[in-house]
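Colleague: Next comes the structure file my_file.tsv, holding TSV, C-alpha atoms.
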chain	number	residue	atom	x	y	z
A	1	MET	CA	14.27	-80.04	109.18
A	2	GLN	CA	11.82	-81.19	106.54
A	3	VAL	CA	13.07	-82.46	103.19
A	4	THR	CA	10.95	-79.87	101.34
A	5	GLU	CA	12.65	-77.09	103.27
A	6	ILE	CA	16.08	-78.55	102.50
A	7	PHE	CA	15.07	-78.84	98.82
A	8	LYS	CA	14.11	-75.15	98.74
A	9	LEU	CA	17.46	-74.19	100.28
A	10	ALA	CA	19.29	-76.29	97.65
A	11	LEU	CA	17.38	-74.58	94.83
A	12	GLU	CA	18.12	-71.16	96.32
A	13	ALA	CA	21.85	-71.98	96.53
A	14	ILE	CA	21.83	-72.99	92.84
A	15	ARG	CA	19.92	-69.81	91.89
A	16	VAL	CA	22.36	-67.56	93.73
A	17	ASN	CA	25.34	-69.13	91.91
A	18	LYS	CA	23.84	-69.24	88.40
A	19	LEU	CA	27.10	-69.15	86.40
A	20	ARG	CA	28.78	-71.83	88.49
A	21	SER	CA	25.67	-74.00	88.29
A	22	VAL	CA	25.49	-73.69	84.49
A	23	LEU	CA	29.18	-74.48	84.04
A	24	THR	CA	28.89	-77.43	86.43
A	25	SER	CA	25.94	-78.89	84.48
A	26	LEU	CA	27.67	-78.30	81.15
A	27	GLY	CA	29.89	-81.37	81.53
A	28	ILE	CA	26.84	-83.59	82.10
A	29	ILE	CA	24.98	-81.97	79.19
A	30	ILE	CA	27.87	-82.60	76.79
A	31	GLY	CA	28.44	-86.14	78.07
A	32	VAL	CA	24.82	-87.29	77.80
A	33	ALA	CA	24.29	-85.61	74.41
A	34	ALA	CA	27.53	-87.13	73.06
A	35	ILE	CA	26.59	-90.65	74.17
A	36	ILE	CA	23.15	-90.46	72.56
A	37	LEU	CA	24.43	-88.89	69.33
A	38	LEU	CA	27.38	-91.24	68.82
A	39	VAL	CA	25.47	-94.40	69.72
A	40	SER	CA	22.64	-93.25	67.43
A	41	ILE	CA	25.14	-92.85	64.59
A	42	GLY	CA	26.39	-96.40	65.10
A	43	SER	CA	22.87	-97.83	65.41
A	44	GLY	CA	21.75	-95.86	62.35
A	45	LEU	CA	24.57	-97.33	60.31
A	46	GLN	CA	23.66	-100.85	61.41
A	47	ASN	CA	19.99	-100.34	60.57
A	48	TYR	CA	20.82	-98.85	57.16
A	49	VAL	CA	23.23	-101.64	56.23
A	50	THR	CA	20.73	-104.29	57.36
A	51	SER	CA	17.93	-102.62	55.39
A	52	GLU	CA	20.02	-102.37	52.22
A	53	PHE	CA	21.13	-106.00	52.40
A	54	GLU	CA	17.57	-107.16	53.05
A	55	LYS	CA	16.51	-105.35	49.87
A	56	LEU	CA	19.08	-107.35	47.90
A	57	GLY	CA	17.60	-110.59	49.16
A	58	ALA	CA	19.01	-113.68	50.84
A	59	ASN	CA	19.85	-115.19	47.42
A	60	SER	CA	22.67	-112.69	46.82
A	61	ILE	CA	26.36	-113.48	46.45
A	62	PHE	CA	29.11	-110.83	46.32
A	63	ILE	CA	32.39	-111.18	44.45
A	64	LEU	CA	35.11	-108.82	45.69
A	65	PRO	CA	38.59	-108.29	44.22
A	66	GLY	CA	41.53	-109.75	46.12
A	67	LYS	CA	41.53	-111.81	49.31
A	68	VAL	CA	39.26	-109.80	51.60
A	69	GLU	CA	38.92	-110.61	55.28
A	70	ILE	CA	36.28	-108.74	57.28
A	71	SER	CA	36.27	-109.00	61.08
A	72	ALA	CA	35.74	-106.86	64.18
A	73	ALA	CA	39.45	-106.02	64.06
A	74	GLY	CA	38.99	-104.38	60.64
A	75	THR	CA	39.02	-105.14	56.95
A	76	SER	CA	42.09	-106.40	55.13
A	77	ALA	CA	42.51	-106.88	51.40
A	78	GLN	CA	45.39	-108.44	49.51
A	79	ALA	CA	46.44	-108.45	45.86
A	80	VAL	CA	45.37	-106.18	43.03
A	81	ASN	CA	42.01	-106.08	41.30
A	82	LYS	CA	41.85	-108.72	38.55
A	83	LEU	CA	38.07	-108.76	38.04
A	84	THR	CA	37.94	-107.82	34.36
A	85	PHE	CA	34.96	-107.35	32.05
A	86	ALA	CA	36.17	-110.33	30.00
A	87	LEU	CA	35.96	-112.46	33.13
A	88	MET	CA	32.46	-111.13	33.87
A	89	ASN	CA	31.39	-112.11	30.34
A	90	LYS	CA	32.67	-115.65	30.94
A	91	LEU	CA	30.75	-115.78	34.21
A	92	GLU	CA	27.59	-114.55	32.47
A	93	GLN	CA	27.90	-117.08	29.65
A	94	ALA	CA	28.69	-120.07	31.87
A	95	LYS	CA	26.43	-119.22	34.79
A	96	GLY	CA	24.37	-122.44	34.65
A	97	PRO	CA	21.02	-123.25	36.31
A	98	ASN	CA	21.94	-121.96	39.79
A	99	ILE	CA	22.69	-118.36	38.80
A	100	GLU	CA	19.97	-115.95	37.70
A	101	LYS	CA	21.79	-112.61	37.23
A	102	VAL	CA	25.31	-111.22	37.25
A	103	LEU	CA	25.63	-107.48	38.00
A	104	PRO	CA	29.14	-105.99	37.79
A	105	PHE	CA	29.66	-102.54	39.36
A	106	ILE	CA	31.98	-99.63	38.71
A	107	GLU	CA	31.91	-97.19	41.64
A	108	ILE	CA	34.03	-94.06	41.86
A	109	PHE	CA	33.77	-90.48	43.07
A	110	ILE	CA	33.48	-87.99	40.23
A	111	THR	CA	32.65	-84.33	39.61
A	112	ALA	CA	29.19	-83.73	38.15
A	113	SER	CA	28.58	-80.29	36.70
A	114	ASN	CA	26.50	-78.14	34.39
A	115	LYS	CA	26.99	-74.58	33.15
A	116	ASN	CA	26.47	-72.98	36.55
A	117	ASN	CA	27.26	-75.49	39.28
A	118	SER	CA	29.37	-78.53	40.11
A	119	LYS	CA	29.47	-81.15	42.85
A	120	VAL	CA	31.59	-84.17	43.77
A	121	THR	CA	29.32	-87.20	43.72
A	122	ARG	CA	29.36	-91.00	43.84
A	123	LEU	CA	29.12	-92.58	40.39
A	124	VAL	CA	27.53	-96.03	40.12
A	125	ALA	CA	27.69	-97.81	36.76
A	126	THR	CA	25.78	-101.08	36.45
A	127	TYR	CA	22.88	-102.81	34.67
A	128	ASN	CA	19.34	-101.51	35.06
A	129	ASP	CA	18.42	-104.62	37.09
A	130	TYR	CA	20.08	-102.80	39.99
A	131	PHE	CA	17.03	-100.55	40.40
A	132	SER	CA	14.57	-103.41	40.91
A	133	ILE	CA	16.95	-105.48	43.04
A	134	SER	CA	17.72	-102.53	45.36
A	135	ASP	CA	14.10	-101.32	45.30
A	136	ILE	CA	15.11	-97.91	43.96
A	137	LYS	CA	12.19	-96.13	42.32
A	138	THR	CA	12.16	-92.96	40.26
A	139	ALA	CA	10.45	-89.87	41.66
A	140	GLU	CA	10.67	-88.25	38.23
A	141	GLY	CA	11.48	-89.55	34.76
A	142	ARG	CA	12.56	-93.18	34.18
A	143	ILE	CA	15.47	-95.60	34.40
A	144	TYR	CA	17.61	-96.55	31.40
A	145	THR	CA	16.60	-99.45	29.17
A	146	ASN	CA	18.47	-102.56	28.02
A	147	SER	CA	18.90	-101.04	24.55
A	148	GLU	CA	20.46	-97.92	26.08
A	149	GLU	CA	22.80	-100.18	28.03
A	150	LYS	CA	23.82	-102.13	24.92
A	151	SER	CA	24.41	-98.97	22.89
A	152	SER	CA	26.44	-97.30	25.69
A	153	LYS	CA	23.96	-94.43	25.75
A	154	LYS	CA	25.14	-91.47	27.82
A	155	VAL	CA	22.10	-91.25	30.09
A	156	ALA	CA	21.93	-90.85	33.86
A	157	VAL	CA	19.54	-91.28	36.78
A	158	ILE	CA	20.50	-88.86	39.53
A	159	GLY	CA	19.70	-88.38	43.22
A	160	LYS	CA	17.72	-85.53	44.73
A	161	THR	CA	20.86	-83.85	46.08
A	162	ILE	CA	22.50	-83.64	42.66
A	163	ALA	CA	19.23	-82.46	41.09
A	164	LYS	CA	18.88	-79.70	43.68
A	165	ASP	CA	22.52	-78.57	43.63
A	166	LEU	CA	22.88	-78.48	39.85
A	167	PHE	CA	19.40	-77.46	38.73
A	168	LYS	CA	17.98	-75.69	41.81
A	169	ASN	CA	14.18	-75.64	41.46
A	170	GLN	CA	14.08	-76.65	37.79
A	171	SER	CA	13.31	-80.14	36.52
A	172	PRO	CA	16.54	-81.86	35.41
A	173	ILE	CA	14.78	-84.28	33.05
A	174	GLY	CA	16.12	-83.93	29.52
A	175	LYS	CA	18.93	-81.61	30.61
A	176	GLN	CA	22.62	-82.41	30.43
A	177	ILE	CA	25.27	-82.81	33.09
A	178	SER	CA	29.00	-83.31	32.61
A	179	LEU	CA	30.77	-86.25	34.20
A	180	SER	CA	34.52	-85.80	33.85
A	181	LYS	CA	33.72	-83.26	31.11
A	182	LYS	CA	31.64	-85.80	29.15
A	183	PRO	CA	27.95	-84.90	28.56
A	184	PHE	CA	25.21	-87.16	29.93
A	185	THR	CA	21.46	-86.61	29.58
A	186	VAL	CA	19.43	-86.83	32.79
A	187	ILE	CA	16.48	-89.18	32.22
A	188	GLY	CA	15.38	-89.75	35.81
A	189	VAL	CA	15.62	-88.73	39.46
A	190	PHE	CA	15.39	-91.55	42.00
A	191	GLU	CA	13.30	-91.25	45.15
A	192	PRO	CA	15.05	-89.80	48.23
A	193	GLN	CA	17.03	-92.38	50.18
A	194	GLY	CA	18.01	-90.00	53.01
A	195	SER	CA	21.33	-89.78	54.81
A	196	VAL	CA	23.15	-92.15	57.13
A	197	ALA	CA	25.62	-90.92	59.75
A	198	GLY	CA	26.06	-87.71	57.82
A	199	VAL	CA	26.58	-89.46	54.47
A	200	ASP	CA	24.12	-88.26	51.82
A	201	VAL	CA	22.89	-91.35	49.93
A	202	ASP	CA	21.08	-89.08	47.45
A	203	ASN	CA	24.39	-87.61	46.30
A	204	ALA	CA	24.78	-90.20	43.54
A	205	VAL	CA	24.60	-90.64	39.77
A	206	ILE	CA	23.66	-94.03	38.27
A	207	ILE	CA	24.56	-94.75	34.62
A	208	PRO	CA	24.64	-97.80	32.30
A	209	LEU	CA	27.61	-100.10	32.91
A	210	SER	CA	28.82	-99.82	29.30
A	211	ALA	CA	28.71	-96.01	29.50
A	212	GLY	CA	30.61	-96.16	32.79
A	213	ARG	CA	33.26	-98.33	31.22
A	214	ASN	CA	33.73	-95.82	28.38
A	215	LEU	CA	33.71	-92.90	30.82
A	216	THR	CA	36.33	-94.28	33.19
A	217	GLY	CA	38.38	-96.12	30.58
A	218	THR	CA	38.77	-99.03	32.98
A	219	ASP	CA	38.60	-102.73	32.19
A	220	LEU	CA	38.01	-103.63	35.84
A	221	VAL	CA	34.92	-103.82	38.05
A	222	ASN	CA	34.89	-102.89	41.75
A	223	GLN	CA	32.52	-105.66	42.79
A	224	VAL	CA	29.98	-108.10	41.40
A	225	LEU	CA	26.51	-108.94	42.67
A	226	VAL	CA	25.26	-112.40	41.72
A	227	ARG	CA	21.61	-113.38	42.20
A	228	THR	CA	20.93	-117.09	42.53
A	229	THR	CA	17.72	-118.70	41.31
A	230	SER	CA	16.73	-119.53	44.91
A	231	THR	CA	18.06	-119.37	48.47
A	232	GLN	CA	18.40	-123.16	48.55
A	233	ASN	CA	21.15	-123.27	45.92
A	234	ILE	CA	23.38	-120.53	47.37
A	235	GLN	CA	26.22	-122.94	48.10
A	236	ALA	CA	25.89	-124.65	44.72
A	237	ALA	CA	26.03	-121.27	42.97
A	238	LYS	CA	29.05	-120.30	45.06
A	239	LYS	CA	30.89	-123.44	43.90
A	240	ASP	CA	29.92	-122.72	40.28
A	241	ILE	CA	31.36	-119.20	40.54
A	242	GLU	CA	34.58	-120.45	42.13
A	243	LYS	CA	35.00	-123.05	39.39
A	244	ILE	CA	34.60	-120.44	36.63
A	245	LEU	CA	36.89	-117.85	38.26
A	246	LEU	CA	39.62	-120.35	39.14
A	247	ARG	CA	40.08	-121.15	35.45
A	248	THR	CA	41.70	-117.71	35.12
A	249	LEU	CA	42.49	-116.50	38.65
A	250	SER	CA	44.08	-117.88	41.79
A	251	GLU	CA	42.27	-118.18	45.13
A	252	ASP	CA	43.95	-114.99	46.38
A	253	ASP	CA	42.60	-112.94	43.46
A	254	PHE	CA	38.97	-112.87	44.59
A	255	THR	CA	36.65	-113.31	47.56
A	256	ILE	CA	33.14	-114.76	47.39
A	257	MET	CA	30.74	-113.95	50.22
A	258	THR	CA	27.05	-114.66	50.63
A	259	GLN	CA	24.70	-111.93	51.76
A	260	GLU	CA	24.49	-113.50	55.22
A	261	GLN	CA	28.28	-113.71	55.58
A	262	LEU	CA	28.91	-110.15	54.42
A	263	LEU	CA	26.09	-108.68	56.51
A	264	SER	CA	27.22	-110.55	59.62
A	265	SER	CA	30.82	-109.37	59.19
A	266	ILE	CA	29.86	-105.74	58.58
A	267	LEU	CA	27.42	-105.68	61.52
A	268	GLN	CA	30.16	-107.12	63.74
A	269	ILE	CA	32.47	-104.25	62.78
A	270	LEU	CA	29.73	-101.66	63.23
A	271	GLY	CA	28.84	-103.14	66.62
A	272	VAL	CA	32.41	-102.69	67.83
A	273	LEU	CA	32.43	-99.18	66.35
A	274	THR	CA	29.20	-98.30	68.19
A	275	LEU	CA	30.65	-99.55	71.49
A	276	ALA	CA	33.84	-97.58	70.90
A	277	LEU	CA	31.90	-94.40	70.12
A	278	GLY	CA	29.75	-94.90	73.22
A	279	GLY	CA	32.87	-95.49	75.32
A	280	ILE	CA	34.52	-92.31	74.04
A	281	ALA	CA	31.38	-90.32	74.82
A	282	ALA	CA	31.11	-91.94	78.27
A	283	ILE	CA	34.51	-90.49	79.14
A	284	SER	CA	33.10	-86.98	78.77
A	285	LEU	CA	30.20	-87.98	81.04
A	286	ILE	CA	32.64	-89.26	83.67
A	287	VAL	CA	34.60	-86.00	83.41
A	288	GLY	CA	31.32	-84.13	83.92
A	289	GLY	CA	30.60	-86.18	87.05
A	290	VAL	CA	34.08	-85.51	88.43
A	291	GLY	CA	33.52	-81.81	87.66
A	292	ILE	CA	30.36	-81.78	89.78
A	293	SER	CA	32.23	-83.50	92.64
A	294	ASN	CA	35.02	-80.92	92.51
A	295	ILE	CA	32.61	-77.99	92.38
A	296	MET	CA	30.61	-79.32	95.33
A	297	LEU	CA	33.83	-79.81	97.30
A	298	VAL	CA	34.88	-76.23	96.58
A	299	SER	CA	31.35	-75.10	97.44
A	300	VAL	CA	31.58	-76.72	100.89
A	301	THR	CA	34.90	-74.96	101.52
A	302	GLU	CA	33.53	-71.59	100.40
A	303	ARG	CA	30.34	-71.89	102.45
A	304	THR	CA	31.84	-72.78	105.84
A	305	ARG	CA	30.34	-69.61	107.36
A	306	GLU	CA	26.87	-70.56	106.05
A	307	ILE	CA	27.30	-74.08	107.42
A	308	GLY	CA	28.34	-72.68	110.81
A	309	LEU	CA	25.35	-70.33	110.97
A	310	ARG	CA	22.94	-73.14	110.09
A	311	LYS	CA	24.42	-75.34	112.81
A	312	ALA	CA	24.08	-72.46	115.26
A	313	VAL	CA	20.35	-72.18	114.57
A	314	GLY	CA	19.81	-75.91	115.03
A	315	ALA	CA	20.51	-77.59	111.67
A	316	ARG	CA	21.79	-81.15	112.01
A	317	PRO	CA	24.89	-82.35	110.07
A	318	SER	CA	22.61	-84.74	108.15
A	319	ASP	CA	20.44	-81.78	107.03
A	320	ILE	CA	23.49	-79.96	105.65
A	321	LEU	CA	24.74	-83.15	103.95
A	322	ILE	CA	21.34	-83.73	102.32
A	323	GLN	CA	21.28	-80.14	101.03
A	324	PHE	CA	24.64	-80.49	99.27
A	325	LEU	CA	23.67	-83.89	97.88
A	326	LEU	CA	20.39	-82.44	96.59
A	327	GLU	CA	22.29	-79.61	94.88
A	328	ALA	CA	24.49	-82.17	93.10
A	329	VAL	CA	21.47	-84.32	92.15
A	330	ILE	CA	19.53	-81.32	90.81
A	331	LEU	CA	22.49	-80.15	88.69
A	332	SER	CA	22.97	-83.69	87.35
A	333	LEU	CA	19.26	-84.15	86.56
A	334	VAL	CA	18.97	-80.78	84.83
A	335	GLY	CA	22.17	-81.38	82.84
A	336	GLY	CA	21.11	-84.93	81.97
A	337	THR	CA	17.65	-83.82	80.82
A	338	ILE	CA	19.05	-81.04	78.62
A	339	GLY	CA	21.68	-83.41	77.20
A	340	LEU	CA	18.98	-86.01	76.53
A	341	LEU	CA	16.88	-83.47	74.63
A	342	ILE	CA	19.87	-82.25	72.60
A	343	GLY	CA	20.98	-85.81	71.81
A	344	ALA	CA	17.47	-86.95	70.88
A	345	THR	CA	16.97	-83.91	68.64
A	346	GLY	CA	20.33	-84.37	66.94
A	347	SER	CA	19.82	-88.09	66.32
A	348	VAL	CA	16.49	-87.66	64.52
Can the structure in the file be given as structure tokens, please?

Modeller:
Amino acid sequence: MQVTEIFKLALEAIRVNKLRSVLTSLGIIIGVAAIILLVSIGSGLQNYVTSEFEKLGANSIFILPGKVEISAAGTSAQAVNKLTFALMNKLEQAKGPNIEKVLPFIEIFITASNKNNSKVTRLVATYNDYFSISDIKTAEGRIYTNSEEKSSKKVAVIGKTIAKDLFKNQSPIGKQISLSKKPFTVIGVFEPQGSVAGVDVDNAVIIPLSAGRNLTGTDLVNQVLVRTTSTQNIQAAKKDIEKILLRTLSEDDFTIMTQEQLLSSILQILGVLTLALGGIAAISLIVGGVGISNIMLVSVTERTREIGLRKAVGARPSDILIQFLLEAVILSLVGGTIGLLIGATGSV
């Protein structure tokens, strides 16, 4: 019997048992789509983190509170936060020739609202140098000035998500929003940054550091970004920072990491996460394959009469075997193709 004839018989058998064929392919569809989606999420996170760190530049040093250890096994942090504003002032004043800028950050989640709407958002309080360093441009309005920073002016630059949710189709420039029931004037909307792994980067409000300190009532910063004068003096700047901080703190009270160290550690964690997500999704694909095997086994048992009739009219055992194998291959290919399309669409 010709292969084309066997192929037609396999297609006819699938057509006759539509429901069983669909349910059999469903496991493959889910498995393939899950692998593509979950691996895409992990890869997307890695690309976003790499992109953001590249924007900051290779001459960046991060100061984190406590003794922080980042590895593929996870992140561990010891001790309480002792990075005070007074300490940041000392660092700024004694920075020396190796350090160009010191940018402390306050980052918390907060409720932003106006008369009609409210939304939980990420609040970032820091100096206006953050916009140029991170390559964040305004789509509308402007960023806050040094004088507004010094006078603790209650002004804010918001993301597109906040602008849309609070002001709908109206321009937010010049209008007020409440952050923890304190009024801030919107002076700018930064350009869309998109979303990463379902996290909306545009759901953020950026305000002057001094205003953030007054708003939160805290005397502590979450992290510090230090820009060195060049990439060649990274290690010298790191030693300068350690020397200044150790006058007040112990070695367990802070962690200093270069951009390269922090990026490498985070990418290592995300790489393991991507593999884990892919492995979890692969289990569903294996289950789908086992499902096809079981269904084909049941199909052989149910179709013993058909097999007997085909043998009676001259079909060879190899012809019958090829037909059942073709049915399994067709179901797998159809399920895999549909899963591929779903996964590719969802990962865009």

Colleague: Per residue of segment 112-205 of chain A within 7 Å of segment 209-216 of chain A, what are the shortest atom pair and its distance in Å to one decimal, counting all atoms listed in the file, with rows by chain and residue number, as JSON lines?

Modeller:
{"residue": "A:Ala125", "atom": "CA", "partner": "A:Leu209", "partner_atom": "CA", "distance": 4.5}
{"residue": "A:Thr126", "atom": "CA", "partner": "A:Leu209", "partner_atom": "CA", "distance": 4.1}
{"residue": "A:Tyr127", "atom": "CA", "partner": "A:Leu209", "partner_atom": "CA", "distance": 5.7}
{"residue": "A:Glu149", "atom": "CA", "partner": "A:Ser210", "partner_atom": "CA", "distance": 6.2}
{"residue": "A:Ser152", "atom": "CA", "partner": "A:Ala211", "partner_atom": "CA", "distance": 4.6}
{"residue": "A:Lys153", "atom": "CA", "partner": "A:Ala211", "partner_atom": "CA", "distance": 6.3}
{"residue": "A:Lys154", "atom": "CA", "partner": "A:Ala211", "partner_atom": "CA", "distance": 6.0}

Colleague: If you count only C-alpha atoms, which residues fall within 10 Å of Gly343 of chain A, apart from same-chain ones fewer than 5 positions away, as a CSV table (one decimal) with C-alpha atoms, in the coordinates of the input?

Modeller:
chain,number,residue,atom,x,y,z
A,29,ILE,CA,25.0,-82.0,79.2
A,30,ILE,CA,27.9,-82.6,76.8
A,31,GLY,CA,28.4,-86.1,78.1
A,32,VAL,CA,24.8,-87.3,77.8
A,33,ALA,CA,24.3,-85.6,74.4
A,34,ALA,CA,27.5,-87.1,73.1
A,35,ILE,CA,26.6,-90.6,74.2
A,36,ILE,CA,23.2,-90.5,72.6
A,37,LEU,CA,24.4,-88.9,69.3
A,38,LEU,CA,27.4,-91.2,68.8
A,39,VAL,CA,25.5,-94.4,69.7
A,40,SER,CA,22.6,-93.2,67.4
A,337,THR,CA,17.6,-83.8,80.8
A,338,ILE,CA,19.0,-81.0,78.6
A,348,VAL,CA,16.5,-87.7,64.5

Colleague: Interatomic distance between atom CA of Arg122 of chain A and atom CA of Ala204 of chain A?

Modeller: 4.7 Å

Colleague: Which value, in Å to one decimal, gives the distance between atom CA of Lys164 of chain A and atom CA of Gly194 of chain A?

Modeller: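 Taking atom CA of Lys164 of chain A and atom CA of Gly194 of chain A, their separation equals 13.9 Å.
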
Colleague: Contacts of segment 171-175 of chain A at 9 Å or less, counting all atoms listed in the file, minus same-chain residues fewer than 5 places along, as a list in words?

Modeller: Glu140, Gly141, Ala163, Lys164, Leu166, Phe184, Thr185, Val186, Ile187, Gly188 and Val189 of chain A

Colleague: Got a sec: who's within 12 Å of Ala86 of chain A, counting all atoms listed in the file, leaving out chain neighbours fewer than 3 positions off, as a ChimeraX atom specification?

Modeller: /A:82-83,89-93,104,218-221,245,248

Colleague: For Gly96 of chain A, which residue among A:Asp319, A:Glu5, A:Asp240, A:Asp129 is the nearest when counting only C-alpha atoms?

Modeller: A:Asp240

Colleague: Quick one: everything within 12 Å of Leu321 of chain A, counting only C-alpha atoms, minus sequence neighbours fewer than 3 positions away in the same chain. Send it as a ChimeraX atom specification.

Modeller: /A:3,6-7,10,296-297,300,307,310-311,315-318,324-328

Colleague: Give the answer as one residue: which of A:Leu270, A:Ala236, A:Leu123, A:Val68 has the shortest atom-to-atom distance to Glu107 of chain A, using only C-alpha atoms?

Modeller: A:Leu123

Colleague: Quick one: everything within 8 Å of Lys119 of chain A, counting all atoms listed in the file, minus sequence neighbours fewer than 4 positions away in the same chain. Send it as JSON, numbers by chain.

Modeller: {"A": [111, 112, 113, 162, 165, 166]}

Colleague: Point out the residue among A:Gly289, A:Gly314, A:Gly308, A:Pro208 with the least atom-to-atom distance to Gly336 of chain A, counting only C-alpha atoms.

Modeller: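 Among the listed residues, A:Gly289 lies closest to Gly336 of chain A.
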
Colleague: Quick one: of A:Ile63, A:Val334, A:Ala276, A:Leu26, who's nearest to Leu262 of chain A, counting all atoms listed in the file?

Modeller: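 Once distances to Leu262 of chain A are computed over all atoms listed in the file, the minimum belongs to A:Ile63.
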
Colleague: In Å, rounded to a single decimal, give me how far atom CA of Leu45 of chain A is from atom CA of Ser284 of chain A.

Modeller: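 Separation between atom CA of Ser284 of chain A and atom CA of Leu45 of chain A: 22.8 Å.
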
Colleague: Check the smallest atom-to-atom distance from each of A:Glu12, A:Glu302, A:Asp253, A:Glu260 to Gly66 of chain A using all atoms listed in the file, then report the winner.

Modeller: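 The shortest atom-to-atom distance to Gly66 of chain A comes from A:Asp253.
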